[in-house]
file entry.cif (mmCIF, C-alpha atoms)
data_structure
loop_
_atom_site.label_atom_id
_atom_site.label_comp_id
_atom_site.auth_asym_id
_atom_site.auth_seq_id
_atom_site.Cartn_x
_atom_site.Cartn_y
_atom_site.Cartn_z
CA MET A 1 -15.18 320.22 -69.57
CA LEU A 2 -14.52 320.94 -65.89
CA VAL A 3 -17.14 323.70 -65.95
CA ALA A 4 -19.70 321.24 -67.38
CA GLY A 5 -18.87 318.77 -64.58
CA VAL A 6 -19.30 321.47 -61.92
CA ALA A 7 -22.59 322.58 -63.51
CA LEU A 8 -23.83 318.97 -63.54
CA ALA A 9 -22.82 318.48 -59.91
CA LEU A 10 -24.68 321.66 -58.88
CA PHE A 11 -27.73 320.58 -60.91
CA VAL A 12 -27.77 317.17 -59.17
CA LEU A 13 -27.28 318.87 -55.79
CA PHE A 14 -30.20 321.26 -56.34
CA THR A 15 -32.46 318.60 -57.88
CA PHE A 16 -32.00 315.91 -55.20
CA ILE A 17 -30.61 317.45 -51.99
CA ILE A 18 -32.87 320.52 -51.67
CA PRO A 19 -36.23 318.69 -52.05
CA MET A 20 -34.96 316.13 -49.53
CA VAL A 21 -34.07 318.89 -47.04
CA LEU A 22 -37.45 320.59 -47.65
CA GLY A 23 -39.17 317.24 -47.10
CA LEU A 24 -37.33 316.77 -43.80
CA LEU A 25 -38.24 320.32 -42.73
CA LYS A 26 -41.90 319.65 -43.61
CA ILE A 27 -41.84 316.44 -41.51
CA ALA A 28 -40.18 318.31 -38.63
CA LEU A 29 -42.81 321.06 -38.87
CA ILE A 30 -45.67 318.51 -38.79
CA ILE A 31 -44.11 316.78 -35.75
CA GLY A 32 -43.70 320.17 -34.04
CA VAL A 33 -47.35 321.13 -34.64
CA VAL A 34 -48.59 317.74 -33.38
CA ALA A 35 -46.39 318.01 -30.28
CA LEU A 36 -47.71 321.53 -29.61
CA LEU A 37 -51.34 320.36 -29.94
CA VAL A 38 -50.68 317.42 -27.58
CA PHE A 39 -49.04 319.78 -25.08
CA ILE A 40 -52.04 322.17 -25.22
CA VAL A 41 -54.54 319.30 -24.75
CA VAL A 42 -52.57 317.84 -21.82
CA THR A 43 -52.35 321.31 -20.21
CA MET A 44 -56.11 321.89 -20.59
CA VAL A 45 -56.96 318.44 -19.19
CA GLY A 46 -54.52 318.94 -16.31
CA LYS A 47 -56.04 322.34 -15.42
CA SER A 48 -59.63 321.11 -15.67
CA SER A 49 -59.03 318.06 -13.47
CA THR A 50 -57.75 320.07 -10.49
#
call {"tool": "encode", "arguments": {"input": "entry.cif", "output": "structure tokens"}}
result
Amino acid sequence: MLVAGVALALFVLFTFIIPMVLGLLKIALIIGVVALLVFIVVTMVGKSST
């Protein structure tokens, strides 16, 4: 019975926690890419204006 409980806990962990973490990583990646693009644009504009 204990083994079944542990198996259920692991199943819940993998079903709910991992997609949540992957979702957060995906959001962080998107934010990182946007920030990089903004940085590049600002750098280009700054260089062209001088």
call {"tool": "atom_distance", "arguments": {"input": "entry.cif", "atom1": "atom CA of A:Leu10", "atom2": "atom CA of A:Lys26"}}
result
23.1 Å
call {"tool": "atom_distance", "arguments": {"input": "entry.cif", "atom1": "atom CA of A:Leu25", "atom2": "atom CA of A:Leu13"}}
result
17.1 Å
call {"tool": "atom_distance", "arguments": {"input": "entry.cif", "atom1": "atom CA of A:Phe14", "atom2": "atom CA of A:Ala28"}}
result
20.5 Å
call {"tool": "build_atoms", "arguments": {"input": "entry.cif", "residues": "stretch 23-50 of chain A", "atoms": "N, CA and C atoms", "output": "short mmCIF file (atom, residue, chain, number, x, y, z; two decimals), keeping the file's coordinate frame"}}
result
data_model
loop_
_atom_site.label_atom_id
_atom_site.label_comp_id
_atom_site.auth_asym_id
_atom_site.auth_seq_id
_atom_site.Cartn_x
_atom_site.Cartn_y
_atom_site.Cartn_z
N GLY A 23 -38.33 318.32 -47.59
CA GLY A 23 -39.17 317.24 -47.10
C GLY A 23 -38.94 316.98 -45.61
N LEU A 24 -37.68 316.96 -45.21
CA LEU A 24 -37.33 316.77 -43.80
C LEU A 24 -37.85 317.91 -42.94
N LEU A 25 -37.73 319.15 -43.45
CA LEU A 25 -38.24 320.32 -42.73
C LEU A 25 -39.76 320.23 -42.57
N LYS A 26 -40.44 319.79 -43.65
CA LYS A 26 -41.90 319.65 -43.61
C LYS A 26 -42.30 318.62 -42.55
N ILE A 27 -41.58 317.49 -42.50
CA ILE A 27 -41.84 316.44 -41.51
C ILE A 27 -41.60 316.99 -40.10
N ALA A 28 -40.51 317.72 -39.92
CA ALA A 28 -40.18 318.31 -38.63
C ALA A 28 -41.26 319.30 -38.19
N LEU A 29 -41.76 320.08 -39.15
CA LEU A 29 -42.81 321.06 -38.87
C LEU A 29 -44.09 320.36 -38.42
N ILE A 30 -44.47 319.29 -39.13
CA ILE A 30 -45.67 318.51 -38.79
C ILE A 30 -45.53 317.93 -37.38
N ILE A 31 -44.36 317.35 -37.08
CA ILE A 31 -44.11 316.78 -35.75
C ILE A 31 -44.21 317.87 -34.68
N GLY A 32 -43.66 319.04 -34.98
CA GLY A 32 -43.70 320.17 -34.04
C GLY A 32 -45.12 320.61 -33.75
N VAL A 33 -45.95 320.71 -34.79
CA VAL A 33 -47.35 321.13 -34.64
C VAL A 33 -48.12 320.10 -33.82
N VAL A 34 -47.92 318.81 -34.13
CA VAL A 34 -48.59 317.74 -33.38
C VAL A 34 -48.18 317.77 -31.91
N ALA A 35 -46.89 317.94 -31.65
CA ALA A 35 -46.39 318.01 -30.28
C ALA A 35 -47.00 319.19 -29.53
N LEU A 36 -47.12 320.33 -30.21
CA LEU A 36 -47.71 321.53 -29.61
C LEU A 36 -49.17 321.28 -29.26
N LEU A 37 -49.92 320.67 -30.19
CA LEU A 37 -51.34 320.36 -29.94
C LEU A 37 -51.49 319.41 -28.75
N VAL A 38 -50.65 318.37 -28.70
CA VAL A 38 -50.68 317.42 -27.58
C VAL A 38 -50.39 318.13 -26.27
N PHE A 39 -49.40 319.01 -26.27
CA PHE A 39 -49.04 319.78 -25.08
C PHE A 39 -50.21 320.63 -24.60
N ILE A 40 -50.88 321.32 -25.55
CA ILE A 40 -52.04 322.17 -25.22
C ILE A 40 -53.16 321.33 -24.61
N VAL A 41 -53.47 320.19 -25.24
CA VAL A 41 -54.54 319.30 -24.75
C VAL A 41 -54.22 318.80 -23.34
N VAL A 42 -52.98 318.35 -23.14
CA VAL A 42 -52.57 317.84 -21.82
C VAL A 42 -52.67 318.95 -20.76
N THR A 43 -52.27 320.17 -21.13
CA THR A 43 -52.35 321.31 -20.21
C THR A 43 -53.79 321.61 -19.83
N MET A 44 -54.67 321.61 -20.84
CA MET A 44 -56.11 321.89 -20.59
C MET A 44 -56.71 320.82 -19.67
N VAL A 45 -56.43 319.55 -19.98
CA VAL A 45 -56.96 318.44 -19.19
C VAL A 45 -56.42 318.50 -17.76
N GLY A 46 -55.13 318.82 -17.63
CA GLY A 46 -54.52 318.94 -16.31
C GLY A 46 -55.13 320.06 -15.49
N LYS A 47 -55.44 321.20 -16.13
CA LYS A 47 -56.04 322.34 -15.42
C LYS A 47 -57.48 322.05 -15.03
N SER A 48 -58.22 321.37 -15.92
CA SER A 48 -59.63 321.11 -15.67
C SER A 48 -59.84 320.07 -14.58
N SER A 49 -58.88 319.14 -14.43
CA SER A 49 -59.03 318.06 -13.47
C SER A 49 -58.81 318.54 -12.04
N THR A 50 -58.06 319.58 -11.85
CA THR A 50 -57.75 320.07 -10.49
C THR A 50 -58.90 320.92 -9.96
#
